[in-house]
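Asks: One structure, as C-alpha coordinates, below. Some questions next.
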Amino acid sequence: DSWWASIGYTPTNLDKDRADRAFRYYGYVPVVTKGQLREVSLEDLLGREPVKLDSEAIADYITGRSVLVTGAGGSIGSELCRQIIRFSPSRLVLVGKGENSIFVIQQELQTRGYAVDSIIADVRDENRMRAKFEQYQPKVVFHAAAHKHVPLMEANVAEAIANNVFGTRAVAQLSDAYGVETFVLVSSDKAVNPTSVMGTTKRCAELVVQDIATRSKTKFVAVRFGNVLASRGSVIPLWRQQIAQGGPVTVTHPDATRYFMLIPEAVQLILEA
(Lines give C-alpha, C1' and ligand atoms only; values in the text may rest on other atoms or scores of the structure.)
Protein backbone atom coordinates (compact mmCIF):
# COMPACT_ATOMS: atom_id res chain seq x y z
CA ASP A 1 0.00 0.00 0.00
CA SER A 2 2.88 2.37 0.76
CA TRP A 3 4.29 1.71 -2.72
CA TRP A 4 0.99 2.57 -4.38
CA ALA A 5 0.81 5.72 -2.28
CA SER A 6 4.35 6.68 -3.32
CA ILE A 7 3.32 6.81 -6.99
CA GLY A 8 0.09 8.64 -6.20
CA TYR A 9 -2.29 5.98 -7.47
CA THR A 10 -5.25 4.21 -5.87
CA PRO A 11 -5.20 0.62 -7.18
CA THR A 12 -8.05 -1.72 -7.97
CA ASN A 13 -7.94 -5.32 -6.75
CA LEU A 14 -6.88 -6.36 -10.26
CA ASP A 15 -4.00 -3.84 -10.15
CA LYS A 16 -2.86 -5.25 -6.82
CA ASP A 17 -2.99 -8.82 -8.09
CA ARG A 18 -0.94 -7.97 -11.19
CA ALA A 19 1.62 -6.05 -9.15
CA ASP A 20 1.99 -8.91 -6.67
CA ARG A 21 2.56 -11.40 -9.48
CA ALA A 22 5.08 -9.09 -11.17
CA PHE A 23 6.99 -8.64 -7.88
CA ARG A 24 7.14 -12.41 -7.29
CA TYR A 25 8.42 -12.96 -10.85
CA TYR A 26 10.81 -10.00 -11.30
CA GLY A 27 11.65 -9.08 -7.72
CA TYR A 28 10.33 -5.58 -8.43
CA VAL A 29 7.29 -3.95 -10.05
CA PRO A 30 7.98 -2.60 -13.58
CA VAL A 31 6.57 0.90 -13.99
CA VAL A 32 5.80 2.58 -17.32
CA THR A 33 5.25 6.31 -17.22
CA LYS A 34 2.84 8.16 -19.51
CA GLY A 35 5.78 9.80 -21.25
CA GLN A 36 7.04 6.38 -22.35
CA LEU A 37 3.80 5.49 -24.11
CA ARG A 38 3.24 6.10 -27.80
CA GLU A 39 0.50 5.55 -30.34
CA VAL A 40 0.39 2.03 -31.77
CA SER A 41 1.65 2.21 -35.35
CA LEU A 42 0.58 0.14 -38.33
CA GLU A 43 4.06 -1.40 -38.39
CA ASP A 44 3.42 -2.72 -34.86
CA LEU A 45 0.27 -4.45 -36.07
CA LEU A 46 2.09 -5.94 -39.06
CA GLY A 47 4.19 -8.23 -36.87
CA ARG A 48 7.16 -8.30 -39.29
CA GLU A 49 9.58 -6.01 -41.06
CA PRO A 50 8.14 -4.15 -44.10
CA VAL A 51 9.16 -5.68 -47.44
CA LYS A 52 11.25 -3.71 -49.93
CA LEU A 53 11.01 -4.64 -53.60
CA ASP A 54 13.02 -4.09 -56.79
CA SER A 55 12.90 -0.37 -57.58
CA GLU A 56 15.13 -0.63 -60.65
CA ALA A 57 12.78 -3.03 -62.42
CA ILE A 58 9.90 -0.65 -61.73
CA ALA A 59 11.76 2.35 -63.13
CA ASP A 60 12.41 0.57 -66.43
CA TYR A 61 8.80 0.82 -67.62
CA ILE A 62 7.74 4.08 -65.93
CA THR A 63 10.59 6.54 -66.44
CA GLY A 64 9.95 8.90 -69.34
CA ARG A 65 6.44 7.55 -70.05
CA SER A 66 2.98 9.03 -69.68
CA VAL A 67 1.26 7.25 -66.78
CA LEU A 68 -2.46 7.33 -65.96
CA VAL A 69 -3.89 6.23 -62.60
CA THR A 70 -7.62 5.71 -62.08
CA GLY A 71 -8.97 5.91 -58.55
CA ALA A 72 -6.02 8.22 -57.87
CA GLY A 73 -7.66 9.78 -54.83
CA GLY A 74 -8.10 6.50 -52.97
CA SER A 75 -5.71 5.05 -50.41
CA ILE A 76 -4.08 2.68 -52.92
CA GLY A 77 -4.36 5.06 -55.89
CA SER A 78 -2.82 8.01 -54.04
CA GLU A 79 0.09 5.90 -52.79
CA LEU A 80 0.60 4.67 -56.35
CA CYS A 81 0.94 8.31 -57.42
CA ARG A 82 3.43 9.04 -54.63
CA GLN A 83 5.65 6.16 -55.67
CA ILE A 84 5.26 6.55 -59.46
CA ILE A 85 6.31 10.20 -59.36
CA ARG A 86 9.68 9.18 -57.88
CA PHE A 87 10.51 7.35 -61.12
CA SER A 88 10.19 10.49 -63.29
CA PRO A 89 7.36 9.71 -65.70
CA SER A 90 7.01 12.19 -68.55
CA ARG A 91 3.48 12.87 -67.30
CA LEU A 92 1.32 11.64 -64.41
CA VAL A 93 -2.45 11.82 -64.94
CA LEU A 94 -4.66 11.48 -61.86
CA VAL A 95 -8.21 10.29 -62.62
CA GLY A 96 -10.90 10.13 -59.99
CA LYS A 97 -14.59 10.69 -59.39
CA GLY A 98 -14.22 12.36 -55.96
CA GLU A 99 -12.99 15.94 -56.35
CA ASN A 100 -11.85 16.33 -52.74
CA SER A 101 -9.62 13.27 -52.69
CA ILE A 102 -8.09 14.17 -56.07
CA PHE A 103 -7.47 17.72 -54.84
CA VAL A 104 -5.67 16.40 -51.74
CA ILE A 105 -3.19 14.18 -53.62
CA GLN A 106 -2.72 16.86 -56.31
CA GLN A 107 -1.83 19.44 -53.66
CA GLU A 108 0.51 17.03 -51.89
CA LEU A 109 2.47 16.25 -55.06
CA GLN A 110 2.55 19.84 -56.26
CA THR A 111 3.80 21.00 -52.84
CA ARG A 112 6.67 18.56 -53.26
CA GLY A 113 7.50 20.17 -56.60
CA TYR A 114 5.89 17.71 -59.01
CA ALA A 115 3.62 18.65 -61.92
CA VAL A 116 0.55 16.46 -62.39
CA ASP A 117 -2.63 16.54 -64.45
CA SER A 118 -5.85 16.01 -62.48
CA ILE A 119 -9.03 14.78 -64.17
CA ILE A 120 -12.42 14.50 -62.47
CA ALA A 121 -14.14 11.69 -64.37
CA ASP A 122 -16.11 8.49 -63.91
CA VAL A 123 -14.35 5.50 -65.50
CA ARG A 124 -17.76 4.32 -66.74
CA ASP A 125 -18.09 7.46 -68.88
CA GLU A 126 -16.48 6.07 -72.05
CA ASN A 127 -16.74 9.28 -74.05
CA ARG A 128 -14.95 11.37 -71.43
CA MET A 129 -12.33 8.69 -70.78
CA ARG A 130 -11.74 8.35 -74.54
CA ALA A 131 -11.15 12.10 -74.78
CA LYS A 132 -8.55 11.90 -72.00
CA PHE A 133 -6.77 8.93 -73.57
CA GLU A 134 -6.68 10.92 -76.81
CA GLN A 135 -5.32 13.96 -75.00
CA TYR A 136 -2.67 12.34 -72.80
CA GLN A 137 -1.73 9.20 -74.78
CA PRO A 138 -0.77 7.15 -71.70
CA LYS A 139 1.70 4.28 -72.10
CA VAL A 140 1.11 2.83 -68.64
CA VAL A 141 -2.30 2.57 -66.93
CA PHE A 142 -2.94 1.58 -63.32
CA HIS A 143 -6.62 0.85 -62.80
CA ALA A 144 -7.31 1.25 -59.08
CA ALA A 145 -10.84 2.70 -59.31
CA ALA A 146 -13.26 0.29 -57.66
CA HIS A 147 -15.92 -0.16 -55.01
CA LYS A 148 -14.29 -2.23 -52.25
CA HIS A 149 -16.57 -2.32 -49.18
CA VAL A 150 -17.98 -5.85 -48.99
CA PRO A 151 -21.16 -5.20 -46.92
CA LEU A 152 -22.07 -2.08 -48.92
CA MET A 153 -21.75 -3.91 -52.22
CA GLU A 154 -24.05 -6.67 -50.97
CA ALA A 155 -26.74 -3.99 -50.73
CA ASN A 156 -25.75 -2.21 -53.98
CA VAL A 157 -25.25 -4.99 -56.50
CA ALA A 158 -26.01 -3.00 -59.65
CA GLU A 159 -23.55 -0.24 -58.68
CA ALA A 160 -20.84 -2.81 -57.88
CA ILE A 161 -21.24 -4.41 -61.30
CA ALA A 162 -21.40 -1.10 -63.15
CA ASN A 163 -18.27 0.29 -61.51
CA ASN A 164 -16.07 -2.76 -60.98
CA VAL A 165 -16.92 -4.70 -64.14
CA PHE A 166 -18.07 -2.23 -66.80
CA GLY A 167 -15.74 0.52 -65.57
CA THR A 168 -12.81 -1.87 -65.87
CA ARG A 169 -13.93 -2.96 -69.33
CA ALA A 170 -14.13 0.64 -70.54
CA VAL A 171 -10.62 1.53 -69.34
CA ALA A 172 -9.12 -1.76 -70.57
CA GLN A 173 -10.66 -1.40 -74.04
CA LEU A 174 -9.39 2.18 -74.32
CA SER A 175 -5.94 1.01 -73.25
CA ASP A 176 -5.96 -1.51 -76.07
CA ALA A 177 -7.31 1.00 -78.61
CA TYR A 178 -4.75 3.70 -77.75
CA GLY A 179 -1.69 1.47 -77.68
CA VAL A 180 -1.00 1.42 -73.94
CA GLU A 181 2.09 -0.69 -73.27
CA THR A 182 1.15 -1.94 -69.78
CA PHE A 183 -2.24 -2.09 -68.06
CA VAL A 184 -2.34 -3.14 -64.39
CA LEU A 185 -5.64 -4.03 -62.74
CA VAL A 186 -5.70 -3.69 -58.96
CA SER A 187 -7.72 -6.72 -57.89
CA SER A 188 -8.41 -8.49 -54.59
CA ASP A 189 -7.90 -11.84 -52.89
CA LYS A 190 -11.70 -11.86 -52.57
CA ALA A 191 -11.77 -12.65 -56.30
CA VAL A 192 -10.55 -16.16 -55.45
CA ASN A 193 -13.59 -18.47 -55.30
CA PRO A 194 -15.69 -15.39 -54.53
CA THR A 195 -18.40 -15.54 -51.89
CA SER A 196 -19.43 -11.87 -52.00
CA VAL A 197 -20.72 -9.41 -54.57
CA MET A 198 -17.52 -7.38 -54.34
CA GLY A 199 -15.34 -10.46 -54.83
CA THR A 200 -17.45 -11.66 -57.74
CA THR A 201 -17.25 -8.31 -59.53
CA LYS A 202 -13.47 -8.23 -59.10
CA ARG A 203 -13.23 -11.74 -60.54
CA CYS A 204 -15.38 -10.65 -63.48
CA ALA A 205 -13.07 -7.67 -63.98
CA GLU A 206 -10.10 -10.06 -64.11
CA LEU A 207 -11.85 -12.19 -66.73
CA VAL A 208 -12.66 -9.10 -68.81
CA VAL A 209 -8.99 -8.09 -68.76
CA GLN A 210 -7.85 -11.63 -69.60
CA ASP A 211 -10.21 -11.75 -72.56
CA ILE A 212 -9.02 -8.43 -74.00
CA ALA A 213 -5.41 -9.56 -73.51
CA THR A 214 -5.90 -12.48 -75.91
CA ARG A 215 -6.23 -10.12 -78.87
CA SER A 216 -4.23 -7.07 -77.79
CA LYS A 217 -0.61 -5.96 -78.00
CA THR A 218 -0.98 -4.33 -74.57
CA LYS A 219 0.46 -6.24 -71.63
CA PHE A 220 -2.46 -6.80 -69.25
CA VAL A 221 -1.75 -7.72 -65.63
CA ALA A 222 -3.99 -8.24 -62.60
CA VAL A 223 -2.59 -8.03 -59.07
CA ARG A 224 -4.42 -9.53 -56.11
CA PHE A 225 -3.71 -8.75 -52.50
CA GLY A 226 -5.53 -9.08 -49.21
CA ASN A 227 -5.90 -6.94 -46.11
CA VAL A 228 -4.04 -3.68 -46.59
CA LEU A 229 -3.58 -1.82 -43.32
CA ALA A 230 -5.38 1.56 -43.21
CA SER A 231 -6.61 1.35 -46.81
CA ARG A 232 -10.19 2.29 -47.60
CA GLY A 233 -12.15 -0.91 -47.24
CA SER A 234 -9.73 -2.34 -44.66
CA VAL A 235 -11.19 -3.60 -41.39
CA ILE A 236 -8.37 -2.09 -39.33
CA PRO A 237 -9.78 1.48 -39.06
CA LEU A 238 -13.06 -0.03 -37.82
CA TRP A 239 -11.27 -2.14 -35.20
CA ARG A 240 -9.23 0.83 -33.99
CA GLN A 241 -12.40 2.86 -33.59
CA GLN A 242 -14.09 0.01 -31.71
CA ILE A 243 -11.10 -0.37 -29.37
CA ALA A 244 -11.01 3.38 -28.71
CA GLN A 245 -14.70 3.23 -27.77
CA GLY A 246 -14.07 0.34 -25.37
CA GLY A 247 -15.39 -2.42 -27.62
CA PRO A 248 -16.81 -4.75 -28.57
CA VAL A 249 -14.41 -5.61 -31.41
CA THR A 250 -16.26 -7.38 -34.21
CA VAL A 251 -14.35 -10.22 -35.87
CA THR A 252 -15.43 -12.73 -38.50
CA HIS A 253 -14.55 -15.68 -36.26
CA PRO A 254 -12.27 -16.10 -33.21
CA ASP A 255 -10.18 -18.67 -35.10
CA ALA A 256 -9.89 -16.69 -38.34
CA THR A 257 -6.36 -15.86 -39.50
CA ARG A 258 -5.73 -12.63 -41.38
CA TYR A 259 -2.59 -11.70 -43.31
CA PHE A 260 -1.81 -8.00 -43.60
CA MET A 261 0.43 -5.72 -45.60
CA LEU A 262 1.10 -2.00 -45.56
CA ILE A 263 -0.18 0.35 -48.27
CA PRO A 264 3.37 1.05 -49.55
CA GLU A 265 4.02 -2.71 -49.75
CA ALA A 266 0.81 -3.28 -51.70
CA VAL A 267 1.69 -0.49 -54.12
CA GLN A 268 5.20 -1.84 -54.62
CA LEU A 269 3.68 -5.19 -55.56
CA ILE A 270 1.41 -3.45 -58.06
CA LEU A 271 4.32 -1.54 -59.56
CA GLU A 272 6.53 -4.60 -59.80
CA ALA A 273 3.82 -6.58 -61.58
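Convention: chains lettered A, B, ... in C-alpha coordinates order; per-chain residue numbering from 1; ligands numbered from 1 as shown.
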Which of segment 60-190 of chain A end up as strand (DSSP E or B) when DSSP is run on this backbone - answer as a PyMOL selection string?
Replies: chain A and resi 66-70+91-96+117-120+140-143+182-186
Asks: So that I can check the surroundings of Phe225 of chain A, please list as a list of chain:residue names every protein, DNA and RNA residue that reaches within 8 Å of it, counting only C-alpha atoms and ignoring chain neighbours fewer than 4 positions away.
Replies: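 Contacts, with the query itself left out: A:Ser187, A:Ser188, A:Asp189, A:Ala266.
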Asks: Find the residues of segment 137-165 of chain A that sit at most 12 Å from segment 88-106 of chain A; for each, write down the nearest two atoms and how far apart they are in Å, to one decimal. Count only C-alpha atoms. Sort by chain, then by number going up, and give it as a tab-separated table.
Replies:
```
residue	atom	partner	partner_atom	distance
A:Gln137	CA	A:Arg91	CA	9.8
A:Pro138	CA	A:Arg91	CA	8.4
A:Lys139	CA	A:Arg91	CA	10.0
A:Val140	CA	A:Pro89	CA	9.7
A:Val141	CA	A:Val93	CA	9.5
A:Phe142	CA	A:Leu94	CA	10.2
A:His143	CA	A:Val95	CA	9.6
A:Ala144	CA	A:Gly96	CA	9.6
A:Ala145	CA	A:Gly96	CA	7.5
A:Ala146	CA	A:Gly96	CA	10.4
A:His147	CA	A:Lys97	CA	11.8
A:Asn163	CA	A:Lys97	CA	11.2
```
Asks: For atom CA of Val221 of chain A and atom CA of Thr182 of chain A, determine how far apart the two atoms are, in Å to one decimal place.
Replies: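 These two atoms are separated by 7.7 Å.
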Asks: Mind giving me the straight-line distance from atom CA of Lys202 of chain A to atom CA of Phe166 of chain A in Å, one decimal?
Replies: 10.8 Å
